[in-house]
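Shown here: data-v1.tsv, TSV, N, CA and C atoms.
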chain	number	residue	atom	x	y	z
A	1	MET	N	-12.02	-28.33	6.20
A	1	MET	CA	-11.13	-29.33	6.76
A	1	MET	C	-10.82	-28.94	8.20
A	2	ALA	N	-11.17	-29.75	9.15
A	2	ALA	CA	-10.92	-29.47	10.56
A	2	ALA	C	-9.47	-29.75	10.91
A	3	VAL	N	-8.89	-28.88	11.73
A	3	VAL	CA	-7.50	-29.03	12.13
A	3	VAL	C	-7.28	-30.36	12.84
A	4	ALA	N	-8.23	-30.76	13.69
A	4	ALA	CA	-8.09	-31.99	14.45
A	4	ALA	C	-8.04	-33.21	13.53
A	5	GLN	N	-8.65	-33.12	12.34
A	5	GLN	CA	-8.70	-34.24	11.42
A	5	GLN	C	-7.52	-34.27	10.44
A	6	ALA	N	-6.75	-33.21	10.37
A	6	ALA	CA	-5.69	-33.12	9.39
A	6	ALA	C	-4.33	-33.38	10.03
A	7	ASN	N	-3.43	-33.95	9.23
A	7	ASN	CA	-2.05	-34.08	9.66
A	7	ASN	C	-1.31	-32.81	9.27
A	8	TRP	N	-0.77	-32.12	10.26
A	8	TRP	CA	-0.06	-30.87	10.05
A	8	TRP	C	1.43	-31.07	10.13
A	9	SER	N	2.16	-30.35	9.32
A	9	SER	CA	3.61	-30.31	9.41
A	9	SER	C	4.04	-28.92	8.95
A	10	LEU	N	4.64	-28.14	9.84
A	10	LEU	CA	5.10	-26.80	9.49
A	10	LEU	C	6.52	-26.61	10.01
A	11	GLN	N	7.42	-26.18	9.12
A	11	GLN	CA	8.78	-25.82	9.50
A	11	GLN	C	9.09	-24.49	8.85
A	12	GLY	N	9.73	-23.60	9.60
A	12	GLY	CA	10.06	-22.32	9.00
A	12	GLY	C	10.55	-21.31	10.00
A	13	ASP	N	10.32	-20.05	9.69
A	13	ASP	CA	10.79	-18.94	10.52
A	13	ASP	C	9.62	-18.18	11.10
A	14	TYR	N	9.83	-17.64	12.30
A	14	TYR	CA	8.82	-16.89	13.03
A	14	TYR	C	9.42	-15.55	13.43
A	15	PHE	N	8.66	-14.48	13.23
A	15	PHE	CA	9.11	-13.13	13.58
A	15	PHE	C	8.02	-12.45	14.37
A	16	GLU	N	8.41	-11.64	15.33
A	16	GLU	CA	7.44	-10.89	16.11
A	16	GLU	C	8.04	-9.53	16.45
A	17	SER	N	7.23	-8.50	16.31
A	17	SER	CA	7.67	-7.15	16.63
A	17	SER	C	6.46	-6.36	17.10
A	18	CYS	N	6.68	-5.45	18.07
A	18	CYS	CA	5.57	-4.62	18.54
A	18	CYS	C	6.05	-3.23	18.91
A	19	THR	N	5.11	-2.40	19.30
A	19	THR	CA	5.41	-1.00	19.61
A	19	THR	C	5.95	-0.81	21.02
A	20	CYS	N	5.97	-1.84	21.84
A	20	CYS	CA	6.49	-1.72	23.19
A	20	CYS	C	8.01	-1.58	23.18
A	21	ASP	N	8.56	-1.03	24.25
A	21	ASP	CA	10.00	-0.90	24.38
A	21	ASP	C	10.63	-2.27	24.60
A	22	LEU	N	11.77	-2.49	24.02
A	22	LEU	CA	12.61	-3.68	24.14
A	22	LEU	C	11.86	-4.99	24.32
A	23	VAL	N	11.65	-5.45	25.54
A	23	VAL	CA	10.92	-6.70	25.76
A	23	VAL	C	9.47	-6.34	26.03
A	24	CYS	N	8.57	-6.89	25.24
A	24	CYS	CA	7.15	-6.57	25.37
A	24	CYS	C	6.61	-7.08	26.70
A	25	PRO	N	6.15	-6.18	27.57
A	25	PRO	CA	5.59	-6.61	28.85
A	25	PRO	C	4.23	-7.31	28.69
A	26	CYS	N	3.62	-7.17	27.54
A	26	CYS	CA	2.30	-7.77	27.31
A	26	CYS	C	2.33	-9.29	27.43
A	27	ILE	N	3.44	-9.90	27.02
A	27	ILE	CA	3.51	-11.36	27.11
A	27	ILE	C	3.55	-11.84	28.56
A	28	PHE	N	3.82	-10.91	29.48
A	28	PHE	CA	3.78	-11.22	30.92
A	28	PHE	C	2.52	-10.65	31.56
A	29	LEU	N	1.54	-10.24	30.70
A	29	LEU	CA	0.26	-9.67	31.12
A	29	LEU	C	0.43	-8.42	31.97
A	30	MET	N	1.43	-7.63	31.60
A	30	MET	CA	1.70	-6.35	32.23
A	30	MET	C	1.26	-5.24	31.26
A	31	PRO	N	1.12	-3.99	31.76
A	31	PRO	CA	0.70	-2.90	30.87
A	31	PRO	C	1.73	-2.63	29.76
A	32	PRO	N	1.27	-2.34	28.55
A	32	PRO	CA	2.18	-1.99	27.46
A	32	PRO	C	2.93	-0.70	27.78
A	33	THR	N	4.14	-0.56	27.27
A	33	THR	CA	4.97	0.60	27.61
A	33	THR	C	4.46	1.91	27.04
A	34	LYS	N	3.64	1.85	25.98
A	34	LYS	CA	3.10	3.08	25.39
A	34	LYS	C	1.60	3.23	25.64
A	35	GLY	N	1.06	2.41	26.53
A	35	GLY	CA	-0.37	2.47	26.82
A	35	GLY	C	-1.20	1.55	25.94
A	36	TYR	N	-0.67	1.13	24.80
A	36	TYR	CA	-1.30	0.20	23.87
A	36	TYR	C	-0.19	-0.67	23.29
A	37	CYS	N	-0.55	-1.77	22.70
A	37	CYS	CA	0.43	-2.61	22.01
A	37	CYS	C	-0.10	-2.96	20.64
A	38	GLU	N	0.70	-2.68	19.63
A	38	GLU	CA	0.38	-3.02	18.26
A	38	GLU	C	1.50	-3.93	17.77
A	39	ALA	N	1.15	-5.14	17.36
A	39	ALA	CA	2.16	-6.14	17.01
A	39	ALA	C	1.94	-6.73	15.63
A	40	LEU	N	3.03	-7.11	15.00
A	40	LEU	CA	3.01	-7.91	13.78
A	40	LEU	C	3.72	-9.22	14.09
A	41	VAL	N	3.08	-10.30	13.74
A	41	VAL	CA	3.65	-11.63	13.93
A	41	VAL	C	3.64	-12.29	12.55
A	42	ALA	N	4.78	-12.79	12.12
A	42	ALA	CA	4.89	-13.34	10.77
A	42	ALA	C	5.52	-14.73	10.78
A	43	TRP	N	5.04	-15.55	9.85
A	43	TRP	CA	5.58	-16.89	9.67
A	43	TRP	C	5.97	-17.06	8.22
A	44	HIS	N	7.18	-17.57	7.98
A	44	HIS	CA	7.60	-17.98	6.65
A	44	HIS	C	7.72	-19.50	6.70
A	45	ILE	N	6.88	-20.18	5.94
A	45	ILE	CA	6.85	-21.63	5.96
A	45	ILE	C	7.85	-22.16	4.92
A	46	LYS	N	8.96	-22.69	5.42
A	46	LYS	CA	9.96	-23.26	4.51
A	46	LYS	C	9.45	-24.57	3.93
A	47	LYS	N	8.85	-25.39	4.78
A	47	LYS	CA	8.32	-26.67	4.36
A	47	LYS	C	7.10	-26.96	5.21
A	48	GLY	N	5.99	-27.29	4.59
A	48	GLY	CA	4.80	-27.57	5.37
A	48	GLY	C	3.67	-28.14	4.55
A	49	SER	N	2.73	-28.74	5.28
A	49	SER	CA	1.54	-29.28	4.62
A	49	SER	C	0.42	-29.45	5.64
A	50	MET	N	-0.80	-29.44	5.12
A	50	MET	CA	-1.98	-29.82	5.89
A	50	MET	C	-2.62	-30.92	5.07
A	51	GLY	N	-2.55	-32.13	5.58
A	51	GLY	CA	-3.00	-33.26	4.78
A	51	GLY	C	-2.16	-33.31	3.52
A	52	SER	N	-2.80	-33.33	2.35
A	52	SER	CA	-2.07	-33.38	1.08
A	52	SER	C	-1.80	-32.00	0.49
A	53	THR	N	-2.23	-30.94	1.18
A	53	THR	CA	-2.03	-29.58	0.67
A	53	THR	C	-0.66	-29.07	1.08
A	54	LYS	N	0.22	-28.82	0.11
A	54	LYS	CA	1.56	-28.31	0.36
A	54	LYS	C	1.52	-26.82	0.64
A	55	LEU	N	2.33	-26.38	1.61
A	55	LEU	CA	2.36	-24.97	2.01
A	55	LEU	C	3.77	-24.39	1.88
A	56	ASP	N	4.67	-25.11	1.25
A	56	ASP	CA	6.07	-24.70	1.12
A	56	ASP	C	6.20	-23.30	0.53
A	57	GLY	N	7.03	-22.47	1.18
A	57	GLY	CA	7.36	-21.15	0.66
A	57	GLY	C	6.33	-20.07	0.89
A	58	LEU	N	5.22	-20.38	1.56
A	58	LEU	CA	4.17	-19.38	1.78
A	58	LEU	C	4.41	-18.60	3.08
A	59	ASN	N	3.76	-17.46	3.18
A	59	ASN	CA	3.91	-16.57	4.33
A	59	ASN	C	2.55	-16.21	4.91
A	60	VAL	N	2.53	-15.96	6.21
A	60	VAL	CA	1.31	-15.55	6.92
A	60	VAL	C	1.71	-14.45	7.90
A	61	VAL	N	0.87	-13.42	8.00
A	61	VAL	CA	1.12	-12.32	8.94
A	61	VAL	C	-0.16	-12.08	9.74
A	62	VAL	N	0.00	-11.87	11.04
A	62	VAL	CA	-1.11	-11.48	11.90
A	62	VAL	C	-0.78	-10.13	12.50
A	63	TRP	N	-1.73	-9.20	12.43
A	63	TRP	CA	-1.61	-7.89	13.06
A	63	TRP	C	-2.55	-7.89	14.26
A	64	LEU	N	-2.08	-7.38	15.39
A	64	LEU	CA	-2.89	-7.32	16.60
A	64	LEU	C	-2.74	-5.95	17.24
A	65	ARG	N	-3.83	-5.39	17.71
A	65	ARG	CA	-3.77	-4.14	18.47
A	65	ARG	C	-4.57	-4.33	19.75
A	66	SER	N	-3.89	-4.13	20.87
A	66	SER	CA	-4.53	-4.20	22.17
A	66	SER	C	-4.44	-2.80	22.79
A	67	PRO	N	-5.59	-2.17	23.08
A	67	PRO	CA	-5.55	-0.80	23.57
A	67	PRO	C	-5.01	-0.67	24.99
A	68	LYS	N	-4.96	-1.75	25.73
A	68	LYS	CA	-4.45	-1.74	27.11
A	68	LYS	C	-3.81	-3.09	27.39
A	69	ILE	N	-3.86	-3.55	28.63
A	69	ILE	CA	-3.37	-4.88	28.99
A	69	ILE	C	-4.17	-5.92	28.21
A	70	LEU	N	-3.51	-6.96	27.72
A	70	LEU	CA	-4.18	-7.97	26.90
A	70	LEU	C	-5.44	-8.52	27.54
A	71	THR	N	-5.43	-8.73	28.84
A	71	THR	CA	-6.59	-9.31	29.52
A	71	THR	C	-7.76	-8.33	29.62
A	72	ASP	N	-7.54	-7.04	29.31
A	72	ASP	CA	-8.62	-6.06	29.32
A	72	ASP	C	-9.51	-6.17	28.08
A	73	GLY	N	-9.03	-6.87	27.07
A	73	GLY	CA	-9.84	-7.09	25.87
A	73	GLY	C	-9.83	-5.96	24.88
A	74	ASN	N	-10.82	-5.96	23.98
A	74	ASN	CA	-10.98	-5.01	22.88
A	74	ASN	C	-9.84	-5.06	21.86
A	75	TRP	N	-9.27	-6.23	21.66
A	75	TRP	CA	-8.24	-6.40	20.64
A	75	TRP	C	-8.85	-6.22	19.27
A	76	ARG	N	-8.03	-5.84	18.33
A	76	ARG	CA	-8.37	-5.89	16.91
A	76	ARG	C	-7.34	-6.80	16.26
A	77	LEU	N	-7.78	-7.70	15.43
A	77	LEU	CA	-6.90	-8.67	14.79
A	77	LEU	C	-7.10	-8.65	13.28
A	78	ALA	N	-6.03	-8.91	12.55
A	78	ALA	CA	-6.13	-9.08	11.10
A	78	ALA	C	-5.19	-10.20	10.68
A	79	LEU	N	-5.67	-11.05	9.79
A	79	LEU	CA	-4.90	-12.16	9.26
A	79	LEU	C	-4.64	-11.88	7.78
A	80	TYR	N	-3.37	-11.93	7.40
A	80	TYR	CA	-2.98	-11.74	6.00
A	80	TYR	C	-2.33	-13.03	5.51
A	81	ILE	N	-2.86	-13.59	4.45
A	81	ILE	CA	-2.34	-14.81	3.87
A	81	ILE	C	-1.72	-14.48	2.51
A	82	ASP	N	-0.57	-15.04	2.26
A	82	ASP	CA	0.19	-14.85	1.04
A	82	ASP	C	-0.71	-14.95	-0.19
A	83	ASP	N	-0.68	-13.92	-1.03
A	83	ASP	CA	-1.54	-13.93	-2.22
A	83	ASP	C	-1.08	-14.92	-3.29
A	84	ARG	N	0.08	-15.54	-3.09
A	84	ARG	CA	0.53	-16.59	-4.01
A	84	ARG	C	-0.14	-17.92	-3.71
A	85	ALA	N	-0.81	-18.03	-2.56
A	85	ALA	CA	-1.48	-19.27	-2.17
A	85	ALA	C	-2.70	-19.50	-3.05
A	86	ASP	N	-2.91	-20.76	-3.45
A	86	ASP	CA	-4.14	-21.09	-4.16
A	86	ASP	C	-5.28	-21.24	-3.14
A	87	GLU	N	-6.48	-21.51	-3.61
A	87	GLU	CA	-7.64	-21.55	-2.70
A	87	GLU	C	-7.50	-22.62	-1.61
A	88	LYS	N	-6.98	-23.80	-1.97
A	88	LYS	CA	-6.80	-24.87	-0.98
A	88	LYS	C	-5.77	-24.47	0.07
A	89	GLN	N	-4.71	-23.80	-0.36
A	89	GLN	CA	-3.68	-23.36	0.57
A	89	GLN	C	-4.20	-22.25	1.49
A	90	LYS	N	-4.97	-21.31	0.92
A	90	LYS	CA	-5.57	-20.25	1.74
A	90	LYS	C	-6.50	-20.84	2.80
A	91	GLU	N	-7.32	-21.80	2.38
A	91	GLU	CA	-8.24	-22.45	3.32
A	91	GLU	C	-7.46	-23.17	4.43
A	92	ALA	N	-6.40	-23.87	4.05
A	92	ALA	CA	-5.60	-24.60	5.04
A	92	ALA	C	-4.96	-23.63	6.03
A	93	LEU	N	-4.36	-22.56	5.54
A	93	LEU	CA	-3.70	-21.60	6.42
A	93	LEU	C	-4.71	-20.87	7.31
A	94	ALA	N	-5.83	-20.47	6.75
A	94	ALA	CA	-6.86	-19.79	7.54
A	94	ALA	C	-7.40	-20.73	8.61
A	95	THR	N	-7.65	-21.98	8.26
A	95	THR	CA	-8.16	-22.96	9.21
A	95	THR	C	-7.19	-23.14	10.36
A	96	TYR	N	-5.91	-23.27	10.03
A	96	TYR	CA	-4.89	-23.46	11.06
A	96	TYR	C	-4.79	-22.23	11.96
A	97	MET	N	-4.71	-21.04	11.36
A	97	MET	CA	-4.54	-19.81	12.15
A	97	MET	C	-5.77	-19.55	13.02
A	98	VAL	N	-6.96	-19.76	12.50
A	98	VAL	CA	-8.18	-19.55	13.28
A	98	VAL	C	-8.23	-20.54	14.44
A	99	ALA	N	-7.88	-21.81	14.18
A	99	ALA	CA	-7.88	-22.81	15.26
A	99	ALA	C	-6.89	-22.43	16.35
A	100	LYS	N	-5.71	-21.96	15.97
A	100	LYS	CA	-4.72	-21.54	16.97
A	100	LYS	C	-5.21	-20.32	17.73
A	101	SER	N	-5.82	-19.37	17.03
A	101	SER	CA	-6.34	-18.16	17.69
A	101	SER	C	-7.45	-18.50	18.67
A	102	VAL	N	-8.35	-19.39	18.27
A	102	VAL	CA	-9.45	-19.79	19.15
A	102	VAL	C	-8.89	-20.43	20.42
A	103	ALA	N	-7.86	-21.24	20.27
A	103	ALA	CA	-7.25	-21.87	21.45
A	103	ALA	C	-6.68	-20.81	22.39
A	104	ILE	N	-6.05	-19.79	21.84
A	104	ILE	CA	-5.48	-18.71	22.67
A	104	ILE	C	-6.61	-17.87	23.27
A	105	LEU	N	-7.61	-17.54	22.45
A	105	LEU	CA	-8.68	-16.66	22.91
A	105	LEU	C	-9.60	-17.32	23.93
A	106	ARG	N	-9.55	-18.65	24.05
A	106	ARG	CA	-10.35	-19.31	25.09
A	106	ARG	C	-9.94	-18.81	26.47
A	107	CYS	N	-8.69	-18.40	26.61
A	107	CYS	CA	-8.22	-17.85	27.89
A	107	CYS	C	-8.93	-16.54	28.21
A	108	TRP	N	-9.24	-15.76	27.16
A	108	TRP	CA	-9.92	-14.47	27.29
A	108	TRP	C	-11.06	-14.44	26.29
A	109	PRO	N	-12.20	-15.07	26.59
A	109	PRO	CA	-13.27	-15.24	25.60
A	109	PRO	C	-13.84	-13.94	25.04
A	110	ASP	N	-13.81	-12.85	25.76
A	110	ASP	CA	-14.36	-11.60	25.25
A	110	ASP	C	-13.25	-10.61	24.88
A	111	SER	N	-12.10	-11.12	24.48
A	111	SER	CA	-10.93	-10.27	24.31
A	111	SER	C	-10.89	-9.49	23.02
A	112	TYR	N	-11.44	-10.00	21.92
A	112	TYR	CA	-11.28	-9.25	20.68
A	112	TYR	C	-12.56	-8.55	20.26
A	113	GLN	N	-12.36	-7.36	19.72
A	113	GLN	CA	-13.45	-6.49	19.28
A	113	GLN	C	-13.78	-6.78	17.82
A	114	SER	N	-12.76	-6.96	17.01
A	114	SER	CA	-12.99	-7.23	15.60
A	114	SER	C	-11.84	-8.04	15.03
A	115	CYS	N	-12.14	-8.76	13.96
A	115	CYS	CA	-11.15	-9.61	13.31
A	115	CYS	C	-11.49	-9.68	11.83
A	116	TRP	N	-10.49	-9.61	10.98
A	116	TRP	CA	-10.74	-9.75	9.55
A	116	TRP	C	-9.52	-10.39	8.89
A	117	GLY	N	-9.70	-10.85	7.68
A	117	GLY	CA	-8.61	-11.48	6.95
A	117	GLY	C	-8.67	-11.14	5.48
A	118	GLN	N	-7.51	-11.22	4.84
A	118	GLN	CA	-7.45	-10.97	3.41
A	118	GLN	C	-6.13	-11.49	2.85
A	119	SER	N	-6.07	-11.59	1.53
A	119	SER	CA	-4.82	-11.93	0.87
A	119	SER	C	-3.96	-10.69	0.77
A	120	ALA	N	-2.65	-10.88	0.81
A	120	ALA	CA	-1.74	-9.75	0.70
A	120	ALA	C	-0.44	-10.22	0.06
A	121	SER	N	0.25	-9.29	-0.56
A	121	SER	CA	1.58	-9.57	-1.08
A	121	SER	C	2.54	-9.54	0.09
A	122	ILE	N	3.10	-10.69	0.44
A	122	ILE	CA	4.02	-10.79	1.58
A	122	ILE	C	5.35	-11.29	1.05
A	123	GLU	N	6.38	-10.50	1.24
A	123	GLU	CA	7.71	-10.85	0.74
A	123	GLU	C	8.60	-11.25	1.92
A	124	PHE	N	9.31	-12.34	1.77
A	124	PHE	CA	10.26	-12.80	2.77
A	124	PHE	C	11.65	-12.73	2.15
A	125	LYS	N	12.58	-12.13	2.88
A	125	LYS	CA	13.95	-12.03	2.39
A	125	LYS	C	14.89	-12.30	3.56
A	126	GLN	N	15.81	-13.21	3.37
A	126	GLN	CA	16.77	-13.54	4.43
A	126	GLN	C	18.17	-13.26	3.92
A	127	GLU	N	18.92	-12.52	4.72
A	127	GLU	CA	20.30	-12.20	4.38
A	127	GLU	C	21.19	-12.65	5.52
A	128	GLU	N	22.17	-13.46	5.19
A	128	GLU	CA	23.10	-14.02	6.17
A	128	GLU	C	22.36	-14.49	7.39
A	129	LYS	N	22.63	-13.90	8.57
A	129	LYS	CA	22.00	-14.38	9.80
A	129	LYS	C	20.82	-13.54	10.23
A	130	SER	N	20.41	-12.58	9.44
A	130	SER	CA	19.24	-11.76	9.79
A	130	SER	C	18.17	-11.96	8.72
A	131	ALA	N	16.95	-11.66	9.09
A	131	ALA	CA	15.86	-11.83	8.14
A	131	ALA	C	14.88	-10.66	8.27
A	132	THR	N	14.22	-10.35	7.18
A	132	THR	CA	13.19	-9.32	7.21
A	132	THR	C	11.98	-9.81	6.44
A	133	SER	N	10.84	-9.25	6.75
A	133	SER	CA	9.66	-9.55	5.95
A	133	SER	C	8.86	-8.27	5.84
A	134	SER	N	8.08	-8.16	4.79
A	134	SER	CA	7.22	-6.99	4.60
A	134	SER	C	5.93	-7.48	3.95
A	135	SER	N	4.88	-6.69	4.13
A	135	SER	CA	3.62	-7.04	3.48
A	135	SER	C	2.95	-5.80	2.96
A	136	LYS	N	2.15	-5.98	1.93
A	136	LYS	CA	1.36	-4.90	1.34
A	136	LYS	C	-0.06	-5.40	1.20
A	137	ALA	N	-1.00	-4.69	1.80
A	137	ALA	CA	-2.41	-5.12	1.69
A	137	ALA	C	-3.04	-4.49	0.49
Taking this structure as input, can you express it in the form of structure tokens?
Amino acid sequence: MAVAQANWSLQGDYFESCTCDLVCPCIFLMPPTKGYCEALVAWHIKKGSMGSTKLDGLNVVVWLRSPKILTDGNWRLALYIDDRADEKQKEALATYMVAKSVAILRCWPDSYQSCWGQSASIEFKQEEKSATSSSKA
């Protein structure tokens, strides 16, 4: 199912954390504070669908490692999709995430060294005004 052909609707929470100090300079294309940047980006989909495939309550995590400035390339990427997703949901989430990644990577066509994906147990827990997520591969 091509992303351009599907009607998408996603609502939920987004989390991002990395090894850089306080504000990640990488988003401004500056050198990482520790010489490399390793980040986890997570989405908890409260309500969503791709076409007729419901994605409510599912989670997705992307791990990224950039050994230097993002524009220098040699990134390593990993996509983890909630193991509670059925095959149609996994396909929908992978299709969406790959399409979004391709759009970003067009800016730096030779930027990533390797990429892989797998199902993982991803738990989302929200308490009052803070939220946490964890994953196990």
Distance in Å - atom CA of A:Ser121 versus atom CA of A:Leu55: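 So the answer is 15.7 Å.
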A:Lys47, A:Lys68, A:Lys54, A:Arg76 ranked by distance to A:Gly35, top pick (using only C-alpha atoms):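 Once distances to A:Gly35 are computed over only C-alpha atoms, the minimum belongs to A:Lys68.
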Within 12 Å of file point (9.4, -4.3, 22.4), counting only C-alpha atoms, expressed as a ChimeraX atom specification: /A:16-27,32-34,36-40
Polymer residues at most 6 Å from A:Trp8, all atoms listed in the file, same-chain spacing of 2 or more positions, as a list in words: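 Once the adjacent positions are removed, what remains is Ala6, Leu10, Ser49, Met50 and Gly51 of chain A.
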Nearest-residue call for A:Val41, choices A:Phe124, A:Phe15, A:Tyr96, A:Trp75, using only C-alpha atoms: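 Distance minimum relative to A:Val41 lands on A:Phe15.
With atom C of A:Val61 on one side and atom C of A:Leu79 on the other, the separation reads 4.9 Å.
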Interatomic distance, atom CA of A:Trp43 to atom CA of A:Val62 (Å, one decimal): 8.9 Å
If I wrap all listed atoms of stretch 21-36 of chain A in a box with edges along x, y and z and add 8 Å on each side, what are its centre and edge lengths in Å to one decimal, as lines of an AutoDock Vina configuration file?
center_x = 5.7
center_y = -4.3
center_z = 27.8
size_x = 29.9
size_y = 31.1
size_z = 24.9
All strand (DSSP E) positions in stretch 3-82 of chain A, as a PyMOL selection string: chain A and resi 8-18+37-50+53-54+59-66+75-82
Would you mind completing stretch 44-52 of chain A to all heavy atoms and writing the output as a PDB file, keeping the file's coordinate frame?
ATOM      1  N   HIS A  44       7.180 -17.570   7.980  1.00  0.00           N
ATOM      2  CA  HIS A  44       7.600 -17.980   6.650  1.00  0.00           C
ATOM      3  C   HIS A  44       7.720 -19.500   6.700  1.00  0.00           C
ATOM      4  O   HIS A  44       8.518 -20.045   7.459  1.00  0.00           O
ATOM      5  CB  HIS A  44       8.948 -17.365   6.269  1.00  0.00           C
ATOM      6  CG  HIS A  44       9.527 -17.946   5.020  1.00  0.00           C
ATOM      7  ND1 HIS A  44       8.922 -17.802   3.795  1.00  0.00           N
ATOM      8  CD2 HIS A  44      10.626 -18.712   4.811  1.00  0.00           C
ATOM      9  CE1 HIS A  44       9.640 -18.438   2.880  1.00  0.00           C
ATOM     10  NE2 HIS A  44      10.673 -18.998   3.476  1.00  0.00           N
ATOM     11  N   ILE A  45       6.880 -20.180   5.940  1.00  0.00           N
ATOM     12  CA  ILE A  45       6.850 -21.630   5.960  1.00  0.00           C
ATOM     13  C   ILE A  45       7.850 -22.160   4.920  1.00  0.00           C
ATOM     14  O   ILE A  45       7.625 -22.027   3.721  1.00  0.00           O
ATOM     15  CB  ILE A  45       5.429 -22.160   5.653  1.00  0.00           C
ATOM     16  CG1 ILE A  45       4.438 -21.575   6.657  1.00  0.00           C
ATOM     17  CG2 ILE A  45       5.411 -23.689   5.658  1.00  0.00           C
ATOM     18  CD1 ILE A  45       2.991 -21.762   6.265  1.00  0.00           C
ATOM     19  N   LYS A  46       8.960 -22.690   5.420  1.00  0.00           N
ATOM     20  CA  LYS A  46       9.960 -23.260   4.510  1.00  0.00           C
ATOM     21  C   LYS A  46       9.450 -24.570   3.930  1.00  0.00           C
ATOM     22  O   LYS A  46       9.607 -24.836   2.746  1.00  0.00           O
ATOM     23  CB  LYS A  46      11.269 -23.500   5.247  1.00  0.00           C
ATOM     24  CG  LYS A  46      12.002 -22.228   5.602  1.00  0.00           C
ATOM     25  CD  LYS A  46      13.307 -22.526   6.285  1.00  0.00           C
ATOM     26  CE  LYS A  46      14.041 -21.234   6.601  1.00  0.00           C
ATOM     27  NZ  LYS A  46      15.289 -21.484   7.321  1.00  0.00           N
ATOM     28  N   LYS A  47       8.850 -25.390   4.780  1.00  0.00           N
ATOM     29  CA  LYS A  47       8.320 -26.670   4.360  1.00  0.00           C
ATOM     30  C   LYS A  47       7.100 -26.960   5.210  1.00  0.00           C
ATOM     31  O   LYS A  47       7.163 -26.862   6.436  1.00  0.00           O
ATOM     32  CB  LYS A  47       9.368 -27.772   4.539  1.00  0.00           C
ATOM     33  CG  LYS A  47       8.930 -29.121   4.045  1.00  0.00           C
ATOM     34  CD  LYS A  47      10.039 -30.138   4.171  1.00  0.00           C
ATOM     35  CE  LYS A  47       9.536 -31.471   3.639  1.00  0.00           C
ATOM     36  NZ  LYS A  47      10.553 -32.504   3.747  1.00  0.00           N
ATOM     37  N   GLY A  48       5.990 -27.290   4.590  1.00  0.00           N
ATOM     38  CA  GLY A  48       4.800 -27.570   5.370  1.00  0.00           C
ATOM     39  C   GLY A  48       3.670 -28.140   4.550  1.00  0.00           C
ATOM     40  O   GLY A  48       3.647 -28.029   3.327  1.00  0.00           O
ATOM     41  N   SER A  49       2.730 -28.740   5.280  1.00  0.00           N
ATOM     42  CA  SER A  49       1.540 -29.280   4.620  1.00  0.00           C
ATOM     43  C   SER A  49       0.420 -29.450   5.640  1.00  0.00           C
ATOM     44  O   SER A  49       0.654 -29.545   6.836  1.00  0.00           O
ATOM     45  CB  SER A  49       1.840 -30.630   3.968  1.00  0.00           C
ATOM     46  OG  SER A  49       2.214 -31.575   4.953  1.00  0.00           O
ATOM     47  N   MET A  50      -0.800 -29.440   5.120  1.00  0.00           N
ATOM     48  CA  MET A  50      -1.980 -29.820   5.890  1.00  0.00           C
ATOM     49  C   MET A  50      -2.620 -30.920   5.070  1.00  0.00           C
ATOM     50  O   MET A  50      -3.112 -30.658   3.967  1.00  0.00           O
ATOM     51  CB  MET A  50      -2.947 -28.656   6.063  1.00  0.00           C
ATOM     52  CG  MET A  50      -4.236 -29.041   6.771  1.00  0.00           C
ATOM     53  SD  MET A  50      -5.298 -27.585   6.961  1.00  0.00           S
ATOM     54  CE  MET A  50      -6.724 -28.336   7.694  1.00  0.00           C
ATOM     55  N   GLY A  51      -2.550 -32.130   5.580  1.00  0.00           N
ATOM     56  CA  GLY A  51      -3.000 -33.260   4.780  1.00  0.00           C
ATOM     57  C   GLY A  51      -2.160 -33.310   3.520  1.00  0.00           C
ATOM     58  O   GLY A  51      -0.929 -33.276   3.565  1.00  0.00           O
ATOM     59  N   SER A  52      -2.800 -33.330   2.350  1.00  0.00           N
ATOM     60  CA  SER A  52      -2.070 -33.380   1.080  1.00  0.00           C
ATOM     61  C   SER A  52      -1.800 -32.000   0.490  1.00  0.00           C
ATOM     62  O   SER A  52      -1.183 -31.891  -0.571  1.00  0.00           O
ATOM     63  CB  SER A  52      -2.855 -34.223   0.079  1.00  0.00           C
ATOM     64  OG  SER A  52      -4.112 -33.616  -0.182  1.00  0.00           O
TER      65      SER A  52
END
